Amino acid sequence: MDATIVHDNLKHYPVLLKEIISVITPQHGGTFIDCTFGQGGYSKEILKYKNTKVISLDRDIESKIKANQIKEKFPDRFIFKNLRFSKLNNLKLKNENIKGIVFDLGYSFVQIKDLNKGLSFDSKGKLNMMMGQNEFSANDVVNKLEDKEIEKILRHFGDENDAKLISRNIINFRKSKKINTPDLINIIEKSKRKKNFKIHSATKIFQALRIFVNKEISELLNGLIFASKILKKDGVLAVVTFHSLEDKIVKYFFKSLSENESISRYLPQLNQRETLFKILEKKPRTPSLKELRENIPSRSAKLRYMIKKDNSYNFETDIFNEFRNLIEIENLGNKL
Ligand SMILES: C[S@@+](CC[C@H](N)C(=O)[O-])C[C@H]1O[C@@H](n2cnc3c(N)ncnc32)[C@H](O)[C@@H]1O
């Protein structure tokens with residue numbers, strides 16, 4: 001979700017909800033894993049179908065309040081775990097018929113409104129951006145990492161053209177004072193060479209810091225891998241992304257598990273690798289005009305899904321190698 005377009009009168013709005021339900025088809029029953037419970041928008045909708053069970057995860061302990069309300073209503077069909085989805089493999093899933101696993105990436109409106117989390121440009125005071133179960137905050141990143149390290153994070157996680165200038169100005173500013181959220185926004189505004197009147201000048205920097213602080217790259221890679229293993233035959237893996245980096249990772253991963261890799265186009269079909277998933281729609285689903293009108297922040301959402309062809313648990317993936325430059329940048333956090 002884009003932190004620039006938060007209005008006080010907005011309520012929580014589960015993005016692409018109808019589309020999610022239409023691809024995971026809970027009307028046929030089965031167990032579903034909601035990896036990003038948030039305010040429970042998806043979980044609640046799935047539980048409306050009688051023969052379903054939902055296991056939900058969220059790294060933010062505060063989402064437990066909403067989860068407890070759902071638990072009261074569906075004591076036998078709903079489980080909540082305060083867990084990061086990179087730990088999906090820690091779930092004890094004996095004989096569960098996992099028919100759908102959904103990810104709605106990013107953060108919820110409730111988290112943005114919580115100014116202590118520091119995800120919104122209106123936040124005052126210390127930099128934060130931790131969604132839960134973190135090792136360091138944006139305050140550590142901006143006030144402790146070196147010039148070149150900050151530049152890499154801003155460039156690669158935020159696609160920020162002025163990364164060099166901004167990181168240099170961060171280093172200069174912090175010689176006199178620890179940088180807090182309003183300071184960071186000032187530094188960015190003064191450093192930007194070109195003004196973009198459509199989006200807040202700090203949008204890309206906030207995105208970059210949030211991805212870094214929450215280790216969103218390795219979270220996503222591990223989450224996708226474990227989800228692909230856990231799903232049963234005919235089960236659906238559905239992912240809603242909000243920015244191009246996430247979508248690039250999901251698209252690559254889906255393609256690599258669903259496309260036959262022909263060694264040579266001159267060799268017979270026999271030499272093609274059997275794939276574990278199939279993709280029915282190449283293009284991602286995006287919000288309808290109605291949804292866009294009702295919930296502006298949904299404008300960058302994209303839903304991709306793929307369907308598992310058998311119960312196999314084993315497959316190989318080169319995804320960590322493909323995105324190793326991003327993992328290397330993420331690892332800069334190990335020194336904090
Ligand atoms: C966009 S919201 C989900 C909203 C939800 N679909 C709904 O309808 O209420 C994303 C949620 O995912 C959680 N989250 C983000 N990264 C996570 C991770 N790696 N593991 C578990 N939860 C995560 C956030 O804390 C946030 O609550």
# chains A, B, ... in the order shown; residues from 1 in each chain; ligands from 1
$ closest_atom_pairs --of "chain A" --to "ligand 1" --cutoff "6 Å" --atoms "only C-alpha atoms and all ligand atoms" --output "Markdown table"
| residue | atom | partner | partner_atom_place_in_ligand_line | distance |
| --- | --- | --- | --- | --- |
| A:Pro14 | CA | ligand 1 | 8 (O) | 3.8 |
| A:Cys35 | CA | ligand 1 | 21 (C) | 5.9 |
| A:Thr36 | CA | ligand 1 | 12 (O) | 3.7 |
| A:Phe37 | CA | ligand 1 | 5 (C) | 5.0 |
| A:Gly38 | CA | ligand 1 | 27 (O) | 3.3 |
| A:Gln39 | CA | ligand 1 | 9 (O) | 3.5 |
| A:Gly40 | CA | ligand 1 | 9 (O) | 4.1 |
| A:Gly41 | CA | ligand 1 | 8 (O) | 3.2 |
| A:Tyr42 | CA | ligand 1 | 8 (O) | 4.7 |
| A:Leu57 | CA | ligand 1 | 21 (C) | 5.6 |
| A:Asp58 | CA | ligand 1 | 22 (N) | 3.6 |
| A:Arg59 | CA | ligand 1 | 21 (C) | 4.1 |
| A:Asp60 | CA | ligand 1 | 25 (O) | 4.6 |
| A:Leu83 | CA | ligand 1 | 21 (C) | 5.8 |
| A:Arg84 | CA | ligand 1 | 20 (N) | 3.3 |
| A:Phe85 | CA | ligand 1 | 20 (N) | 4.0 |
| A:Asp104 | CA | ligand 1 | 3 (C) | 5.1 |
| A:Leu105 | CA | ligand 1 | 10 (C) | 5.2 |
| A:Gly106 | CA | ligand 1 | 10 (C) | 4.9 |
| A:Tyr107 | CA | ligand 1 | 10 (C) | 4.0 |
| A:Ser108 | CA | ligand 1 | 2 (S) | 4.0 |
| A:Met131 | CA | ligand 1 | 25 (O) | 5.4 |
| A:Glu219 | CA | ligand 1 | 19 (N) | 5.0 |
$ write_last_selection --atoms "N, CA and C atoms" --output "PDB file, in the first residue's frame"
ATOM      1  N   PRO A  14     -10.245  -4.679   2.214  1.00  0.00           N
ATOM      2  CA  PRO A  14      -9.416  -5.794   1.706  1.00  0.00           C
ATOM      3  C   PRO A  14      -9.291  -5.713   0.183  1.00  0.00           C
ATOM      4  N   CYS A  35      -1.513 -15.819   4.814  1.00  0.00           N
ATOM      5  CA  CYS A  35      -0.173 -15.491   5.342  1.00  0.00           C
ATOM      6  C   CYS A  35      -0.055 -14.068   5.843  1.00  0.00           C
ATOM      7  N   THR A  36      -1.009 -13.213   5.479  1.00  0.00           N
ATOM      8  CA  THR A  36      -0.953 -11.800   5.874  1.00  0.00           C
ATOM      9  C   THR A  36      -2.329 -11.401   6.417  1.00  0.00           C
ATOM     10  N   PHE A  37      -2.631 -11.851   7.612  1.00  0.00           N
ATOM     11  CA  PHE A  37      -3.967 -11.696   8.190  1.00  0.00           C
ATOM     12  C   PHE A  37      -4.426 -10.233   8.245  1.00  0.00           C
ATOM     13  N   GLY A  38      -3.576  -9.324   8.679  1.00  0.00           N
ATOM     14  CA  GLY A  38      -3.928  -7.887   8.754  1.00  0.00           C
ATOM     15  C   GLY A  38      -5.138  -7.641   9.612  1.00  0.00           C
ATOM     16  N   GLN A  39      -6.230  -7.184   8.996  1.00  0.00           N
ATOM     17  CA  GLN A  39      -7.494  -6.964   9.711  1.00  0.00           C
ATOM     18  C   GLN A  39      -8.456  -8.122   9.447  1.00  0.00           C
ATOM     19  N   GLY A  40      -7.944  -9.180   8.852  1.00  0.00           N
ATOM     20  CA  GLY A  40      -8.751 -10.388   8.683  1.00  0.00           C
ATOM     21  C   GLY A  40      -9.736 -10.356   7.534  1.00  0.00           C
ATOM     22  N   GLY A  41      -9.592  -9.408   6.625  1.00  0.00           N
ATOM     23  CA  GLY A  41     -10.537  -9.273   5.500  1.00  0.00           C
ATOM     24  C   GLY A  41     -10.664 -10.560   4.690  1.00  0.00           C
ATOM     25  N   TYR A  42      -9.550 -11.153   4.326  1.00  0.00           N
ATOM     26  CA  TYR A  42      -9.596 -12.384   3.521  1.00  0.00           C
ATOM     27  C   TYR A  42     -10.068 -13.567   4.378  1.00  0.00           C
ATOM     28  N   LEU A  57      -1.639 -16.042   9.586  1.00  0.00           N
ATOM     29  CA  LEU A  57      -0.391 -15.571  10.193  1.00  0.00           C
ATOM     30  C   LEU A  57      -0.304 -14.056  10.062  1.00  0.00           C
ATOM     31  N   ASP A  58       0.333 -13.441  11.011  1.00  0.00           N
ATOM     32  CA  ASP A  58       0.739 -12.042  10.838  1.00  0.00           C
ATOM     33  C   ASP A  58       1.916 -11.782  11.770  1.00  0.00           C
ATOM     34  N   ARG A  59       2.891 -11.020  11.290  1.00  0.00           N
ATOM     35  CA  ARG A  59       4.072 -10.730  12.115  1.00  0.00           C
ATOM     36  C   ARG A  59       3.756  -9.651  13.149  1.00  0.00           C
ATOM     37  N   ASP A  60       2.670  -8.912  12.935  1.00  0.00           N
ATOM     38  CA  ASP A  60       2.312  -7.816  13.837  1.00  0.00           C
ATOM     39  C   ASP A  60       1.393  -8.350  14.933  1.00  0.00           C
ATOM     40  N   LEU A  83       3.291 -14.955  13.502  1.00  0.00           N
ATOM     41  CA  LEU A  83       4.463 -15.586  12.893  1.00  0.00           C
ATOM     42  C   LEU A  83       4.777 -14.908  11.566  1.00  0.00           C
ATOM     43  N   ARG A  84       6.065 -14.835  11.235  1.00  0.00           N
ATOM     44  CA  ARG A  84       6.427 -14.328   9.908  1.00  0.00           C
ATOM     45  C   ARG A  84       6.206 -15.442   8.882  1.00  0.00           C
ATOM     46  N   PHE A  85       5.814 -15.083   7.681  1.00  0.00           N
ATOM     47  CA  PHE A  85       5.511 -16.153   6.718  1.00  0.00           C
ATOM     48  C   PHE A  85       6.756 -16.864   6.190  1.00  0.00           C
ATOM     49  N   ASP A 104      -1.104 -11.127   0.902  1.00  0.00           N
ATOM     50  CA  ASP A 104      -1.516  -9.775   0.515  1.00  0.00           C
ATOM     51  C   ASP A 104      -0.400  -8.886   1.064  1.00  0.00           C
ATOM     52  N   LEU A 105       0.605  -8.646   0.234  1.00  0.00           N
ATOM     53  CA  LEU A 105       1.864  -8.081   0.736  1.00  0.00           C
ATOM     54  C   LEU A 105       1.733  -6.620   1.181  1.00  0.00           C
ATOM     55  N   GLY A 106       2.736  -6.185   1.914  1.00  0.00           N
ATOM     56  CA  GLY A 106       2.737  -4.792   2.364  1.00  0.00           C
ATOM     57  C   GLY A 106       2.165  -4.665   3.755  1.00  0.00           C
ATOM     58  N   TYR A 107       1.487  -3.559   4.000  1.00  0.00           N
ATOM     59  CA  TYR A 107       1.005  -3.293   5.345  1.00  0.00           C
ATOM     60  C   TYR A 107      -0.411  -2.761   5.282  1.00  0.00           C
ATOM     61  N   SER A 108      -1.100  -2.810   6.416  1.00  0.00           N
ATOM     62  CA  SER A 108      -2.519  -2.461   6.385  1.00  0.00           C
ATOM     63  C   SER A 108      -2.723  -0.998   6.739  1.00  0.00           C
ATOM     64  N   MET A 131       7.384  -3.760  11.391  1.00  0.00           N
ATOM     65  CA  MET A 131       6.019  -4.317  11.362  1.00  0.00           C
ATOM     66  C   MET A 131       5.817  -5.375  12.442  1.00  0.00           C
ATOM     67  N   GLU A 219      11.870 -12.554   3.221  1.00  0.00           N
ATOM     68  CA  GLU A 219      10.549 -13.010   3.688  1.00  0.00           C
ATOM     69  C   GLU A 219       9.749 -13.568   2.507  1.00  0.00           C
TER      70      GLU A 219
END
$ residues_around --residues "region 125-130 of chain A" --least-positions-apart "5" --cutoff "6 Å" --atoms "only C-alpha atoms" --output "JSON, numbers by chain"
{"A": [117, 118, 119, 137, 138, 139, 180, 181, 210]}
$ write_last_selection --atoms "all heavy atoms" --output "tab-separated table (two decimals), in the first residue's frame"
chain	number	residue	atom	x	y	z
A	117	LYS	N	4.39	3.54	14.44
A	117	LYS	CA	5.07	2.60	13.53
A	117	LYS	C	5.90	3.36	12.50
A	117	LYS	O	6.79	2.79	11.87
A	117	LYS	CB	4.04	1.71	12.81
A	117	LYS	CG	3.52	0.59	13.69
A	117	LYS	CD	3.05	-0.58	12.85
A	117	LYS	CE	2.92	-1.85	13.67
A	117	LYS	NZ	1.95	-1.82	14.74
A	118	GLY	N	5.60	4.63	12.31
A	118	GLY	CA	6.42	5.48	11.44
A	118	GLY	C	6.33	5.12	9.98
A	118	GLY	O	7.28	5.35	9.22
A	119	LEU	N	5.20	4.55	9.54
A	119	LEU	CA	5.06	4.19	8.13
A	119	LEU	C	4.47	5.33	7.32
A	119	LEU	O	4.52	5.34	6.10
A	119	LEU	CB	4.17	2.95	7.98
A	119	LEU	CG	4.74	1.66	8.56
A	119	LEU	CD1	3.66	0.60	8.73
A	119	LEU	CD2	5.86	1.11	7.70
A	137	SER	N	15.55	-1.11	13.50
A	137	SER	CA	14.52	-0.20	12.97
A	137	SER	C	15.13	0.75	11.93
A	137	SER	O	16.36	0.77	11.74
A	137	SER	CB	13.96	0.63	14.13
A	137	SER	OG	14.98	1.50	14.57
A	138	ALA	N	14.27	1.57	11.34
A	138	ALA	CA	14.76	2.55	10.35
A	138	ALA	C	15.68	3.57	11.04
A	138	ALA	O	16.57	4.13	10.41
A	138	ALA	CB	13.58	3.26	9.71
A	139	ASN	N	15.46	3.78	12.33
A	139	ASN	CA	16.34	4.68	13.09
A	139	ASN	C	17.78	4.18	13.05
A	139	ASN	O	18.72	4.94	12.83
A	139	ASN	CB	15.82	4.75	14.54
A	139	ASN	CG	16.68	5.62	15.41
A	139	ASN	OD1	16.90	6.78	15.09
A	139	ASN	ND2	17.22	5.06	16.48
A	180	ASN	N	15.38	12.12	12.86
A	180	ASN	CA	14.06	11.53	13.12
A	180	ASN	C	13.21	11.62	11.85
A	180	ASN	O	13.70	12.06	10.80
A	180	ASN	CB	13.39	12.19	14.34
A	180	ASN	CG	13.12	13.66	14.09
A	180	ASN	OD1	13.03	14.11	12.95
A	180	ASN	ND2	12.97	14.43	15.17
A	181	THR	N	11.94	11.23	11.94
A	181	THR	CA	11.11	11.18	10.71
A	181	THR	C	10.97	12.54	10.02
A	181	THR	O	11.26	12.64	8.82
A	181	THR	CB	9.73	10.55	11.01
A	181	THR	OG1	9.94	9.29	11.65
A	181	THR	CG2	8.93	10.32	9.74
A	210	ARG	N	11.45	0.57	4.48
A	210	ARG	CA	10.51	-0.43	4.99
A	210	ARG	C	10.88	-1.82	4.50
A	210	ARG	O	10.88	-2.78	5.28
A	210	ARG	CB	9.10	-0.04	4.53
A	210	ARG	CG	8.00	-0.75	5.25
A	210	ARG	CD	6.75	-0.77	4.44
A	210	ARG	NE	6.82	-1.79	3.42
A	210	ARG	CZ	6.18	-1.73	2.25
A	210	ARG	NH1	5.45	-0.69	1.94
A	210	ARG	NH2	6.29	-2.72	1.39
$ closest_atom_pairs --of "region 7-124 of chain A" --to "region 220-224 of chain A" --cutoff "8 Å" --atoms "only C-alpha atoms" --output "CSV"
residue,atom,partner,partner_atom,distance
A:Phe85,CA,A:Gly223,CA,5.3
A:Ser86,CA,A:Gly223,CA,4.5
A:Lys87,CA,A:Gly223,CA,7.3
A:Leu88,CA,A:Gly223,CA,6.6
$ closest_residue --among "A:Lys283, A:Lys190, A:Lys66, A:Arg77" --to "Met306 (chain A)" --atoms "only C-alpha atoms"
A:Lys283
$ residues_around --residues "Ile98 (chain A)" --least-positions-apart "6" --cutoff "9 Å" --atoms "only C-alpha atoms" --output "NGL selection string"
:A and (30-33 or 230-233 or 235-236)
$ write_last_selection --atoms "C-alpha atoms" --output "JSON list (two decimals), in the first residue's frame"
[["chain", "number", "residue", "atom", "x", "y", "z"],
["A", 30, "GLY", "CA", -10.53, -27.36, 2.49],
["A", 31, "THR", "CA", -7.89, -25.62, 4.60],
["A", 32, "PHE", "CA", -6.61, -22.18, 3.60],
["A", 33, "ILE", "CA", -3.56, -20.31, 4.87],
["A", 230, "ILE", "CA", 2.85, -27.19, 1.57],
["A", 231, "LEU", "CA", 0.03, -26.86, -0.99],
["A", 232, "LYS", "CA", -1.83, -30.00, -2.02],
["A", 233, "LYS", "CA", -2.83, -31.06, -5.53],
["A", 235, "GLY", "CA", -4.31, -26.02, -4.42],
["A", 236, "VAL", "CA", -3.89, -22.37, -5.40]]
$ residues_around --residues "Lys215 (chain A)" --least-positions-apart "6" --cutoff "10 Å" --atoms "only C-alpha atoms" --output "list in words"
Asn134, Glu135, Leu209, Ile327, Ile329, Glu330, Asn331 and Gly333 of chain A
$ write_last_selection --atoms "N, CA and C atoms" --output "PDB file, in the first residue's frame"
ATOM      1  N   ASN A 134      11.171  -7.806  14.347  1.00  0.00           N
ATOM      2  CA  ASN A 134      12.319  -7.254  13.610  1.00  0.00           C
ATOM      3  C   ASN A 134      13.576  -7.292  14.469  1.00  0.00           C
ATOM      4  N   GLU A 135      14.706  -7.076  13.815  1.00  0.00           N
ATOM      5  CA  GLU A 135      15.973  -7.026  14.547  1.00  0.00           C
ATOM      6  C   GLU A 135      16.497  -5.603  14.695  1.00  0.00           C
ATOM      7  N   LEU A 209      13.297   1.871   2.870  1.00  0.00           N
ATOM      8  CA  LEU A 209      13.626   1.609   4.279  1.00  0.00           C
ATOM      9  C   LEU A 209      12.727   0.528   4.859  1.00  0.00           C
ATOM     10  N   ILE A 327      19.529  -9.848  -1.861  1.00  0.00           N
ATOM     11  CA  ILE A 327      19.787 -10.513  -0.570  1.00  0.00           C
ATOM     12  C   ILE A 327      21.081  -9.964   0.038  1.00  0.00           C
ATOM     13  N   ILE A 329      22.248  -6.992  -0.282  1.00  0.00           N
ATOM     14  CA  ILE A 329      21.946  -5.673   0.307  1.00  0.00           C
ATOM     15  C   ILE A 329      21.193  -5.877   1.630  1.00  0.00           C
ATOM     16  N   GLU A 330      20.233  -6.800   1.616  1.00  0.00           N
ATOM     17  CA  GLU A 330      19.471  -7.064   2.846  1.00  0.00           C
ATOM     18  C   GLU A 330      20.418  -7.470   3.984  1.00  0.00           C
ATOM     19  N   ASN A 331      21.467  -8.210   3.633  1.00  0.00           N
ATOM     20  CA  ASN A 331      22.408  -8.695   4.651  1.00  0.00           C
ATOM     21  C   ASN A 331      23.229  -7.582   5.295  1.00  0.00           C
ATOM     22  N   GLY A 333      22.085  -5.471   6.960  1.00  0.00           N
ATOM     23  CA  GLY A 333      21.430  -5.331   8.254  1.00  0.00           C
ATOM     24  C   GLY A 333      22.058  -6.189   9.335  1.00  0.00           C
TER      25      GLY A 333
END
$ closest_residue --among "A:Phe242, A:Val250, A:Asn116, A:Asp234" --to "Lys278 (chain A)" --atoms "only C-alpha atoms"
A:Asp234
$ select_by_dssp --residues "region 42-268 of chain A" --states "strand (DSSP E)" --output "MDAnalysis selection string"
chainID A and resid 52:57 78:81 98:104 236:241
$ closest_residue --among "A:Phe253, A:Phe157, A:Phe80, A:Phe320" --to "Ile211 (chain A)" --atoms "only C-alpha atoms"
A:Phe157
